[in-house]
file target_36.txt (compact mmCIF, C-alpha atoms)
# COMPACT_ATOMS: atom_id res chain seq x y z
CA GLY Y 216 2.69 -19.82 23.49
CA ALA Y 217 0.05 -17.26 24.33
CA GLY Y 218 -1.53 -15.35 21.49
CA VAL Y 219 -2.74 -11.77 21.34
CA SER Y 220 -5.27 -11.00 24.05
CA GLN Y 221 -7.76 -8.15 24.24
CA SER Y 222 -10.01 -6.85 26.96
CA PRO Y 223 -12.81 -6.42 27.50
CA SER Y 224 -14.32 -8.87 25.02
CA ASN Y 225 -17.53 -6.85 24.99
CA LYS Y 226 -18.20 -3.26 25.97
CA VAL Y 227 -21.57 -1.51 25.99
CA THR Y 228 -21.49 2.21 26.62
CA GLU Y 229 -23.70 5.23 26.32
CA LYS Y 230 -23.20 7.90 23.70
CA GLY Y 231 -20.82 10.55 24.95
CA LYS Y 232 -18.89 8.33 27.37
CA ASP Y 233 -15.18 7.56 27.04
CA VAL Y 234 -13.95 3.97 26.60
CA GLU Y 235 -10.57 2.28 26.85
CA LEU Y 236 -9.73 -0.90 25.00
CA ARG Y 237 -6.66 -2.94 25.90
CA CYS Y 238 -4.36 -5.14 23.83
CA ASP Y 239 -1.65 -7.51 25.08
CA PRO Y 240 0.51 -8.56 22.11
CA ILE Y 241 2.50 -11.74 21.69
CA SER Y 242 5.61 -11.49 23.82
CA GLY Y 243 8.57 -10.18 21.84
CA HIS Y 244 6.53 -8.79 18.96
CA THR Y 245 7.83 -5.32 18.23
CA ALA Y 246 4.97 -4.13 16.02
CA LEU Y 247 1.39 -3.65 17.13
CA TYR Y 248 -1.66 -2.63 15.06
CA TRP Y 249 -5.24 -1.59 15.70
CA TYR Y 250 -8.01 -2.22 13.18
CA ARG Y 251 -11.75 -1.66 13.22
CA GLN Y 252 -14.32 -4.01 11.69
CA ARG Y 253 -17.81 -2.68 11.19
CA LEU Y 254 -20.64 -5.07 10.56
CA GLY Y 255 -20.45 -6.43 7.03
CA GLN Y 256 -17.31 -4.47 6.19
CA GLY Y 257 -13.63 -5.23 5.83
CA LEU Y 258 -11.02 -4.50 8.44
CA GLU Y 259 -10.08 -0.83 8.55
CA PHE Y 260 -6.56 0.18 9.69
CA LEU Y 261 -6.40 2.63 12.58
CA ILE Y 262 -2.83 2.92 13.91
CA TYR Y 263 0.54 1.13 13.86
CA PHE Y 264 3.17 1.04 16.61
CA GLN Y 265 6.81 0.09 16.17
CA GLY Y 266 8.09 -0.25 19.71
CA ASN Y 267 6.40 2.54 21.64
CA SER Y 268 6.29 4.95 18.71
CA ALA Y 269 3.43 5.33 16.24
CA PRO Y 270 4.86 6.05 12.78
CA ASP Y 271 1.46 5.67 11.14
CA LYS Y 272 -1.68 7.11 12.71
CA SER Y 273 -3.34 7.76 9.36
CA GLY Y 274 -6.36 5.56 10.03
CA LEU Y 275 -7.59 7.24 13.20
CA PRO Y 276 -10.99 8.59 12.12
CA SER Y 277 -11.07 11.68 14.33
CA ASP Y 278 -9.30 13.37 17.23
CA ARG Y 279 -11.65 11.50 19.57
CA PHE Y 280 -9.49 8.44 18.94
CA SER Y 281 -6.06 8.03 20.49
CA ALA Y 282 -3.75 5.16 21.34
CA GLU Y 283 -0.60 4.58 23.28
CA ARG Y 284 1.81 1.73 23.85
CA THR Y 285 4.09 1.32 26.83
CA GLY Y 286 7.03 -0.95 27.59
CA GLU Y 287 6.95 -2.15 24.00
CA SER Y 288 4.07 -4.30 25.17
CA VAL Y 289 0.54 -3.37 26.18
CA SER Y 290 -1.44 -0.89 24.10
CA THR Y 291 -4.58 1.05 24.94
CA LEU Y 292 -6.99 2.51 22.39
CA THR Y 293 -9.09 5.32 23.84
CA ILE Y 294 -12.25 6.67 22.28
CA GLN Y 295 -13.56 9.87 23.82
CA ARG Y 296 -17.16 11.07 23.62
CA THR Y 297 -18.29 7.90 21.88
CA GLN Y 298 -20.79 8.11 19.03
CA GLN Y 299 -23.10 5.44 17.66
CA GLU Y 300 -20.98 5.17 14.51
CA ASP Y 301 -18.10 4.00 16.71
CA SER Y 302 -19.94 0.71 17.26
CA ALA Y 303 -17.72 -2.00 15.77
CA VAL Y 304 -15.30 -4.79 16.64
CA TYR Y 305 -11.88 -3.38 17.45
CA LEU Y 306 -9.09 -5.80 16.60
CA CYS Y 307 -5.49 -5.71 17.70
CA ALA Y 308 -2.65 -7.53 15.93
CA SER Y 309 1.04 -7.93 16.59
CA SER Y 310 3.97 -8.99 14.43
CA LEU Y 311 7.68 -9.68 14.53
CA VAL Y 312 8.23 -9.67 10.78
CA ALA Y 313 5.52 -9.47 8.11
CA GLU Y 314 2.74 -11.72 9.35
CA GLN Y 315 0.25 -10.09 11.70
CA PHE Y 316 -1.44 -12.20 14.34
CA PHE Y 317 -4.79 -11.02 15.59
CA GLY Y 318 -6.52 -11.08 18.93
CA PRO Y 319 -10.19 -11.99 19.39
CA GLY Y 320 -11.33 -8.36 19.33
CA THR Y 321 -13.43 -6.13 21.54
CA ARG Y 322 -17.03 -5.67 20.46
CA LEU Y 323 -18.03 -2.08 21.24
CA THR Y 324 -21.68 -1.12 21.26
CA VAL Y 325 -22.59 2.54 21.71
CA LEU Y 326 -26.21 3.07 22.70
CA GLU L 46 -7.21 4.57 -5.64
CA ASP L 47 -5.44 1.65 -4.01
CA GLN L 48 -7.90 -1.16 -3.65
CA VAL L 49 -8.40 -4.80 -2.74
CA THR L 50 -11.48 -6.55 -4.14
CA GLN L 51 -12.61 -10.06 -3.28
CA SER L 52 -15.06 -12.21 -5.19
CA PRO L 53 -17.48 -13.77 -4.85
CA GLU L 54 -18.95 -12.14 -1.74
CA ALA L 55 -20.46 -15.48 -0.76
CA LEU L 56 -19.99 -19.04 -1.97
CA ARG L 57 -21.92 -22.16 -1.11
CA LEU L 58 -20.30 -25.52 -1.90
CA GLN L 59 -21.17 -29.12 -1.35
CA GLU L 60 -18.67 -31.13 0.62
CA GLY L 61 -15.99 -32.30 -1.81
CA GLU L 62 -16.80 -29.66 -4.45
CA SER L 63 -13.57 -27.79 -5.21
CA SER L 64 -13.56 -24.09 -6.06
CA SER L 65 -11.49 -20.90 -5.99
CA LEU L 66 -11.78 -17.52 -4.30
CA ASN L 67 -10.38 -14.42 -5.98
CA CYS L 68 -8.56 -11.39 -4.62
CA SER L 69 -7.64 -8.63 -7.07
CA TYR L 70 -5.52 -5.67 -6.09
CA THR L 71 -4.54 -2.32 -7.56
CA VAL L 72 -1.60 -1.12 -5.50
CA SER L 73 1.90 -0.01 -6.36
CA GLY L 74 4.91 -1.71 -4.88
CA LEU L 75 3.34 -4.82 -3.40
CA ARG L 76 5.20 -5.93 -0.28
CA GLY L 77 3.13 -8.98 0.47
CA LEU L 78 -0.34 -10.43 -0.03
CA PHE L 79 -1.89 -12.16 2.97
CA TRP L 80 -4.75 -14.61 3.34
CA TYR L 81 -6.65 -14.98 6.60
CA ARG L 82 -9.55 -17.10 7.77
CA GLN L 83 -12.11 -15.58 10.13
CA ASP L 84 -14.69 -17.56 12.06
CA PRO L 85 -17.77 -15.81 13.50
CA GLY L 86 -16.97 -13.85 16.66
CA LYS L 87 -13.22 -14.42 16.36
CA GLY L 88 -10.20 -12.55 15.08
CA PRO L 89 -8.64 -13.38 11.71
CA GLU L 90 -6.37 -16.42 11.66
CA PHE L 91 -3.25 -16.17 9.49
CA LEU L 92 -3.04 -18.62 6.59
CA PHE L 93 -0.47 -17.54 3.95
CA THR L 94 1.85 -14.81 2.78
CA LEU L 95 2.79 -14.45 -0.90
CA TYR L 96 5.42 -12.00 -2.12
CA SER L 97 5.98 -12.40 -5.85
CA ALA L 98 4.11 -13.42 -8.98
CA GLY L 99 4.23 -17.14 -9.54
CA GLU L 100 4.57 -17.97 -5.87
CA GLU L 101 2.34 -20.70 -4.42
CA LYS L 102 1.72 -21.84 -0.82
CA GLU L 103 -0.25 -24.88 0.37
CA LYS L 104 -1.79 -25.95 3.64
CA GLU L 105 -4.03 -28.99 3.86
CA ARG L 106 -6.92 -28.41 1.41
CA LEU L 107 -5.92 -24.81 0.66
CA LYS L 108 -3.54 -23.48 -1.97
CA ALA L 109 -2.82 -19.81 -2.55
CA THR L 110 -1.35 -18.45 -5.79
CA LEU L 111 -0.26 -14.97 -6.85
CA THR L 112 -0.06 -13.09 -10.15
CA LYS L 113 0.80 -9.45 -10.79
CA LYS L 114 -2.84 -8.41 -10.39
CA GLU L 115 -4.60 -11.04 -8.33
CA SER L 116 -4.41 -13.97 -5.98
CA PHE L 117 -6.49 -17.11 -5.85
CA LEU L 118 -7.27 -19.29 -2.88
CA HIS L 119 -8.04 -22.75 -4.19
CA ILE L 120 -10.03 -25.07 -1.94
CA THR L 121 -9.78 -28.75 -2.86
CA ALA L 122 -12.43 -31.20 -1.67
CA PRO L 123 -13.68 -28.88 1.08
CA LYS L 124 -15.20 -30.09 4.33
CA PRO L 125 -17.86 -28.38 6.45
CA GLU L 126 -15.15 -27.23 8.88
CA ASP L 127 -13.69 -25.09 6.08
CA SER L 128 -16.77 -22.86 6.35
CA ALA L 129 -15.60 -19.36 7.33
CA THR L 130 -14.96 -15.92 5.90
CA TYR L 131 -11.71 -15.76 3.95
CA LEU L 132 -9.97 -12.39 3.97
CA CYS L 133 -7.30 -11.10 1.63
CA ALA L 134 -5.00 -8.20 2.54
CA VAL L 135 -2.04 -6.41 0.97
CA ARG L 136 0.94 -4.51 2.30
CA TYR L 137 2.49 -2.06 -0.13
CA GLY L 138 4.63 1.00 -0.76
CA GLY L 139 6.22 3.27 1.86
CA ALA L 140 7.36 2.60 5.35
CA THR L 141 4.10 1.64 6.97
CA ASN L 142 3.33 -1.99 7.63
CA LYS L 143 -0.42 -1.55 7.65
CA LEU L 144 -2.59 -4.05 5.80
CA ILE L 145 -5.37 -3.07 3.41
CA PHE L 146 -8.13 -5.66 3.56
CA GLY L 147 -10.78 -6.76 1.12
CA THR L 148 -14.30 -7.34 2.40
CA GLY L 149 -13.94 -11.10 2.35
CA THR L 150 -15.65 -14.15 0.87
CA LEU L 151 -18.12 -15.98 3.09
CA LEU L 152 -17.74 -19.70 2.36
CA ALA L 153 -20.34 -22.23 3.41
CA VAL L 154 -19.62 -25.93 2.84
CA GLN L 155 -22.64 -28.16 3.19
CA PRO L 156 -22.34 -31.86 4.13
call {"tool": "encode", "arguments": {"input": "target_36.txt", "output": "structure tokens"}}
result
Amino acid sequence: GAGVSQSPSNKVTEKGKDVELRCDPISGHTALYWYRQRLGQGLEFLIYFQGNSAPDKSGLPSDRFSAERTGESVSTLTIQRTQQEDSAVYLCASSLVAEQFFGPGTRLTVL
Amino acid sequence: EDQVTQSPEALRLQEGESSSLNCSYTVSGLRGLFWYRQDPGKGPEFLFTLYSAGEEKEKERLKATLTKKESFLHITAPKPEDSATYLCAVRYGGATNKLIFGTGTLLAVQP
């Protein structure tokens, strides 16, 4: 079946602009996660959804970052007033039980 | 501080030269240790989950083992197509299902 998909695959934006990143999880997966991977660093947890609720938002680095999930399916990660330090690959994962399955990521470059 | 440390950072092997990658962790209440493979420009690909000390999982040339403080990923007679970054992650404690990742081991297998 289809895996996790993310769009866009690449996004180049100017400092100060807002961006929206989209994640389509595997159908039927109740949990959805966002992670960030900076160049040369490990994956950094951002937020976790169970259904449409977010019981753990502890990884969001600032109030410029927000995320929502609707219909227990698609999720959108929004970064407002982007900064150069936001440049990274943003990865989405979904799971039914313990194992998380990742999408290909969105590479965000803030100029 | 809860931590996941992987070693070595990079490993170069000749085809057929077996070796092991290490993942050590200092977390309380381990609820699973996960191994992933990540190819350049792609999202992590799930390999194994281990839950308790003494547990072992195998897949082709890979075998993962777990103790109370660390996990090893043994690679037997590797091939060039095994070249990738191998990531270790843990899930622990509380109610969140987030994963804490190490920074990975970059494996290069030369023909």
call {"tool": "closest_atom_pairs", "arguments": {"input": "target_36.txt", "of": "chain L", "to": "chain Y", "cutoff": "6 Å", "atoms": "all atoms listed in the file", "output": "JSON lines"}}
result
{"residue": "L:Lys87", "atom": "CA", "partner": "Y:Pro319", "partner_atom": "CA", "distance": 4.9}
{"residue": "L:Gly88", "atom": "CA", "partner": "Y:Pro319", "partner_atom": "CA", "distance": 4.3}
{"residue": "L:Pro89", "atom": "CA", "partner": "Y:Phe317", "partner_atom": "CA", "distance": 6.0}
{"residue": "L:Phe146", "atom": "CA", "partner": "Y:Leu258", "partner_atom": "CA", "distance": 5.8}
{"residue": "L:Gly147", "atom": "CA", "partner": "Y:Gly257", "partner_atom": "CA", "distance": 5.7}
{"residue": "L:Thr148", "atom": "CA", "partner": "Y:Gly257", "partner_atom": "CA", "distance": 4.1}
call {"tool": "write_last_selection", "arguments": {"input": "target_36.txt", "atoms": "C-alpha atoms", "output": "compact mmCIF listing (two decimals), in the frame of the given file"}}
result
# COMPACT_ATOMS: atom_id res chain seq x y z
CA LYS L 87 -13.22 -14.42 16.36
CA GLY L 88 -10.20 -12.55 15.08
CA PRO L 89 -8.64 -13.38 11.71
CA PHE L 146 -8.13 -5.66 3.56
CA GLY L 147 -10.78 -6.76 1.12
CA THR L 148 -14.30 -7.34 2.40
call {"tool": "residues_around", "arguments": {"input": "target_36.txt", "residues": "Asp84 of chain L", "least_positions_apart": "2", "cutoff": "12 Å", "atoms": "all atoms listed in the file", "output": "PDB file with C-alpha atoms, keeping the file's coordinate frame"}}
result
ATOM      1  CA  PRO Y 319     -10.190 -11.990  19.390  1.00  0.00           C
TER       2      PRO Y 319
ATOM      3  CA  TYR L  81      -6.650 -14.980   6.600  1.00  0.00           C
ATOM      4  CA  ARG L  82      -9.550 -17.100   7.770  1.00  0.00           C
ATOM      5  CA  GLY L  86     -16.970 -13.850  16.660  1.00  0.00           C
ATOM      6  CA  LYS L  87     -13.220 -14.420  16.360  1.00  0.00           C
ATOM      7  CA  GLY L  88     -10.200 -12.550  15.080  1.00  0.00           C
ATOM      8  CA  PRO L  89      -8.640 -13.380  11.710  1.00  0.00           C
ATOM      9  CA  GLU L  90      -6.370 -16.420  11.660  1.00  0.00           C
ATOM     10  CA  PHE L  91      -3.250 -16.170   9.490  1.00  0.00           C
ATOM     11  CA  GLU L 126     -15.150 -27.230   8.880  1.00  0.00           C
ATOM     12  CA  ASP L 127     -13.690 -25.090   6.080  1.00  0.00           C
ATOM     13  CA  SER L 128     -16.770 -22.860   6.350  1.00  0.00           C
ATOM     14  CA  ALA L 129     -15.600 -19.360   7.330  1.00  0.00           C
ATOM     15  CA  THR L 130     -14.960 -15.920   5.900  1.00  0.00           C
ATOM     16  CA  TYR L 131     -11.710 -15.760   3.950  1.00  0.00           C
ATOM     17  CA  LEU L 132      -9.970 -12.390   3.970  1.00  0.00           C
ATOM     18  CA  GLY L 149     -13.940 -11.100   2.350  1.00  0.00           C
ATOM     19  CA  THR L 150     -15.650 -14.150   0.870  1.00  0.00           C
ATOM     20  CA  LEU L 151     -18.120 -15.980   3.090  1.00  0.00           C
ATOM     21  CA  LEU L 152     -17.740 -19.700   2.360  1.00  0.00           C
ATOM     22  CA  ALA L 153     -20.340 -22.230   3.410  1.00  0.00           C
TER      23      ALA L 153
END
call {"tool": "residues_around", "arguments": {"input": "target_36.txt", "residues": "Glu100 of chain L", "least_positions_apart": "6", "cutoff": "9 Å", "atoms": "all atoms listed in the file", "output": "count of residues only"}}
result
4
call {"tool": "atom_distance", "arguments": {"input": "target_36.txt", "atom1": "atom CA of Ala98 of chain L", "atom2": "atom CA of Lys143 of chain L"}}
result
20.9 Å
call {"tool": "closest_residue", "arguments": {"input": "target_36.txt", "among": "Y:Ala217, Y:Gln298, Y:Leu254, Y:Ser288", "to": "Cys238 of chain Y", "atoms": "only C-alpha atoms"}}
result
Y:Ser288
call {"tool": "atom_distance", "arguments": {"input": "target_36.txt", "atom1": "atom CA of Asn225 of chain Y", "atom2": "atom CA of Arg284 of chain Y"}}
result
21.2 Å
call {"tool": "residues_around", "arguments": {"input": "target_36.txt", "residues": "Thr71 of chain L", "least_positions_apart": "3", "cutoff": "12 Å", "atoms": "only C-alpha atoms", "output": "list in words"}}
result
Glu46, Asp47, Gln48, Val49, Thr50, Gln51, Cys68, Gly74, Leu75, Leu78, Thr112, Lys113, Lys114, Glu115, Ser116, Ala134, Val135, Arg136, Tyr137, Gly138, Ile145 and Gly147 of chain L
call {"tool": "residues_near_point", "arguments": {"input": "target_36.txt", "point": "(-24.9, 2.7, 13.7)", "cutoff": "10 Å", "atoms": "all atoms listed in the file", "output": "ChimeraX atom specification"}}
result
/Y:253-254,298-303,324-326
call {"tool": "closest_residue", "arguments": {"input": "target_36.txt", "among": "L:Leu66, L:Phe79, L:Val154, L:Thr141", "to": "His119 of chain L", "atoms": "all atoms listed in the file"}}
result
L:Leu66
call {"tool": "decode", "arguments": {"input": "target_36.txt", "residues": "segment 107-140 of chain L", "atoms": "N, CA, C and O atoms", "output": "tab-separated table (two decimals), in the first residue's frame"}}
result
chain	number	residue	atom	x	y	z
L	107	LEU	N	21.66	-8.33	8.62
L	107	LEU	CA	21.61	-7.51	9.83
L	107	LEU	C	21.04	-8.28	11.01
L	107	LEU	O	20.06	-9.01	10.86
L	108	LYS	N	21.65	-8.09	12.18
L	108	LYS	CA	21.11	-8.63	13.42
L	108	LYS	C	21.23	-7.58	14.50
L	108	LYS	O	22.31	-7.03	14.72
L	109	ALA	N	20.11	-7.32	15.18
L	109	ALA	CA	20.10	-6.34	16.26
L	109	ALA	C	19.95	-7.06	17.59
L	109	ALA	O	19.16	-7.99	17.71
L	110	THR	N	20.72	-6.60	18.59
L	110	THR	CA	20.66	-7.17	19.93
L	110	THR	C	20.49	-6.04	20.94
L	110	THR	O	20.81	-4.88	20.66
L	111	LEU	N	19.98	-6.39	22.12
L	111	LEU	CA	19.71	-5.39	23.14
L	111	LEU	C	20.16	-5.88	24.52
L	111	LEU	O	19.91	-7.02	24.90
L	112	THR	N	20.85	-4.97	25.25
L	112	THR	CA	21.15	-5.20	26.66
L	112	THR	C	20.46	-4.08	27.45
L	112	THR	O	19.74	-3.26	26.87
L	113	LYS	N	20.72	-4.03	28.75
L	113	LYS	CA	20.06	-3.01	29.57
L	113	LYS	C	20.60	-1.61	29.32
L	113	LYS	O	19.97	-0.63	29.72
L	114	LYS	N	21.75	-1.51	28.65
L	114	LYS	CA	22.35	-0.19	28.45
L	114	LYS	C	22.65	0.14	26.99
L	114	LYS	O	22.94	1.29	26.67
L	115	GLU	N	22.63	-0.87	26.12
L	115	GLU	CA	23.01	-0.61	24.75
L	115	GLU	C	22.43	-1.64	23.79
L	115	GLU	O	21.95	-2.70	24.21
L	116	SER	N	22.52	-1.26	22.52
L	116	SER	CA	22.09	-2.16	21.45
L	116	SER	C	23.21	-2.20	20.42
L	116	SER	O	23.93	-1.21	20.22
L	117	PHE	N	23.34	-3.35	19.79
L	117	PHE	CA	24.29	-3.50	18.71
L	117	PHE	C	23.56	-3.88	17.43
L	117	PHE	O	22.60	-4.66	17.46
L	118	LEU	N	24.04	-3.33	16.33
L	118	LEU	CA	23.57	-3.75	15.02
L	118	LEU	C	24.75	-4.43	14.34
L	118	LEU	O	25.74	-3.77	13.99
L	119	HIS	N	24.65	-5.74	14.23
L	119	HIS	CA	25.72	-6.53	13.63
L	119	HIS	C	25.46	-6.66	12.14
L	119	HIS	O	24.35	-7.02	11.72
L	120	ILE	N	26.49	-6.40	11.34
L	120	ILE	CA	26.38	-6.52	9.89
L	120	ILE	C	27.34	-7.62	9.44
L	120	ILE	O	28.56	-7.47	9.59
L	121	THR	N	26.78	-8.68	8.90
L	121	THR	CA	27.58	-9.84	8.50
L	121	THR	C	27.78	-9.83	6.99
L	121	THR	O	26.82	-9.71	6.24
L	122	ALA	N	29.05	-9.93	6.59
L	122	ALA	CA	29.41	-9.97	5.17
L	122	ALA	C	28.69	-8.89	4.38
L	122	ALA	O	27.91	-9.18	3.46
L	123	PRO	N	28.91	-7.62	4.73
L	123	PRO	CA	28.16	-6.54	4.07
L	123	PRO	C	28.47	-6.42	2.59
L	123	PRO	O	29.54	-6.79	2.12
L	124	LYS	N	27.48	-5.85	1.88
L	124	LYS	CA	27.60	-5.56	0.46
L	124	LYS	C	27.53	-4.05	0.26
L	124	LYS	O	27.02	-3.33	1.14
L	125	PRO	N	27.99	-3.56	-0.87
L	125	PRO	CA	27.94	-2.11	-1.11
L	125	PRO	C	26.54	-1.51	-0.92
L	125	PRO	O	26.40	-0.37	-0.46
L	126	GLU	N	25.50	-2.28	-1.23
L	126	GLU	CA	24.14	-1.75	-1.07
L	126	GLU	C	23.72	-1.59	0.39
L	126	GLU	O	22.66	-1.01	0.67
L	127	ASP	N	24.52	-2.05	1.32
L	127	ASP	CA	24.26	-1.81	2.74
L	127	ASP	C	24.75	-0.43	3.18
L	127	ASP	O	24.50	-0.02	4.31
L	128	SER	N	25.44	0.27	2.30
L	128	SER	CA	25.93	1.61	2.62
L	128	SER	C	24.75	2.54	2.87
L	128	SER	O	23.83	2.64	2.04
L	129	ALA	N	24.75	3.20	4.01
L	129	ALA	CA	23.66	4.09	4.43
L	129	ALA	C	24.02	4.65	5.80
L	129	ALA	O	25.03	4.28	6.38
L	130	THR	N	23.17	5.52	6.31
L	130	THR	CA	23.28	5.94	7.70
L	130	THR	C	22.30	5.10	8.52
L	130	THR	O	21.13	4.98	8.16
L	131	TYR	N	22.79	4.52	9.60
L	131	TYR	CA	21.96	3.70	10.47
L	131	TYR	C	21.65	4.50	11.74
L	131	TYR	O	22.55	4.97	12.42
L	132	LEU	N	20.36	4.64	12.00
L	132	LEU	CA	19.88	5.44	13.12
L	132	LEU	C	19.28	4.55	14.20
L	132	LEU	O	18.57	3.58	13.89
L	133	CYS	N	19.55	4.92	15.42
L	133	CYS	CA	18.99	4.25	16.59
L	133	CYS	C	18.08	5.25	17.30
L	133	CYS	O	18.38	6.45	17.35
L	134	ALA	N	16.96	4.76	17.83
L	134	ALA	CA	16.04	5.65	18.55
L	134	ALA	C	15.40	4.88	19.70
L	134	ALA	O	15.25	3.66	19.63
L	135	VAL	N	15.02	5.61	20.75
L	135	VAL	CA	14.35	4.97	21.88
L	135	VAL	C	13.03	5.67	22.18
L	135	VAL	O	12.87	6.86	21.94
L	136	ARG	N	12.11	4.89	22.71
L	136	ARG	CA	10.85	5.39	23.23
L	136	ARG	C	10.83	5.00	24.70
L	136	ARG	O	11.15	3.85	25.04
L	137	TYR	N	10.47	5.94	25.57
L	137	TYR	CA	10.61	5.65	27.00
L	137	TYR	C	9.60	6.43	27.82
L	137	TYR	O	8.97	7.38	27.35
L	138	GLY	N	9.44	5.99	29.07
L	138	GLY	CA	8.69	6.71	30.08
L	138	GLY	C	7.25	6.99	29.69
L	138	GLY	O	6.67	6.34	28.85
L	139	GLY	N	6.66	7.96	30.29
L	139	GLY	CA	5.37	8.59	30.18
L	139	GLY	C	4.41	8.13	29.10
L	139	GLY	O	4.40	7.01	28.64
L	140	ALA	N	3.59	9.03	28.70
L	140	ALA	CA	2.52	8.72	27.77
L	140	ALA	C	2.87	9.05	26.34
L	140	ALA	O	2.19	8.61	25.42
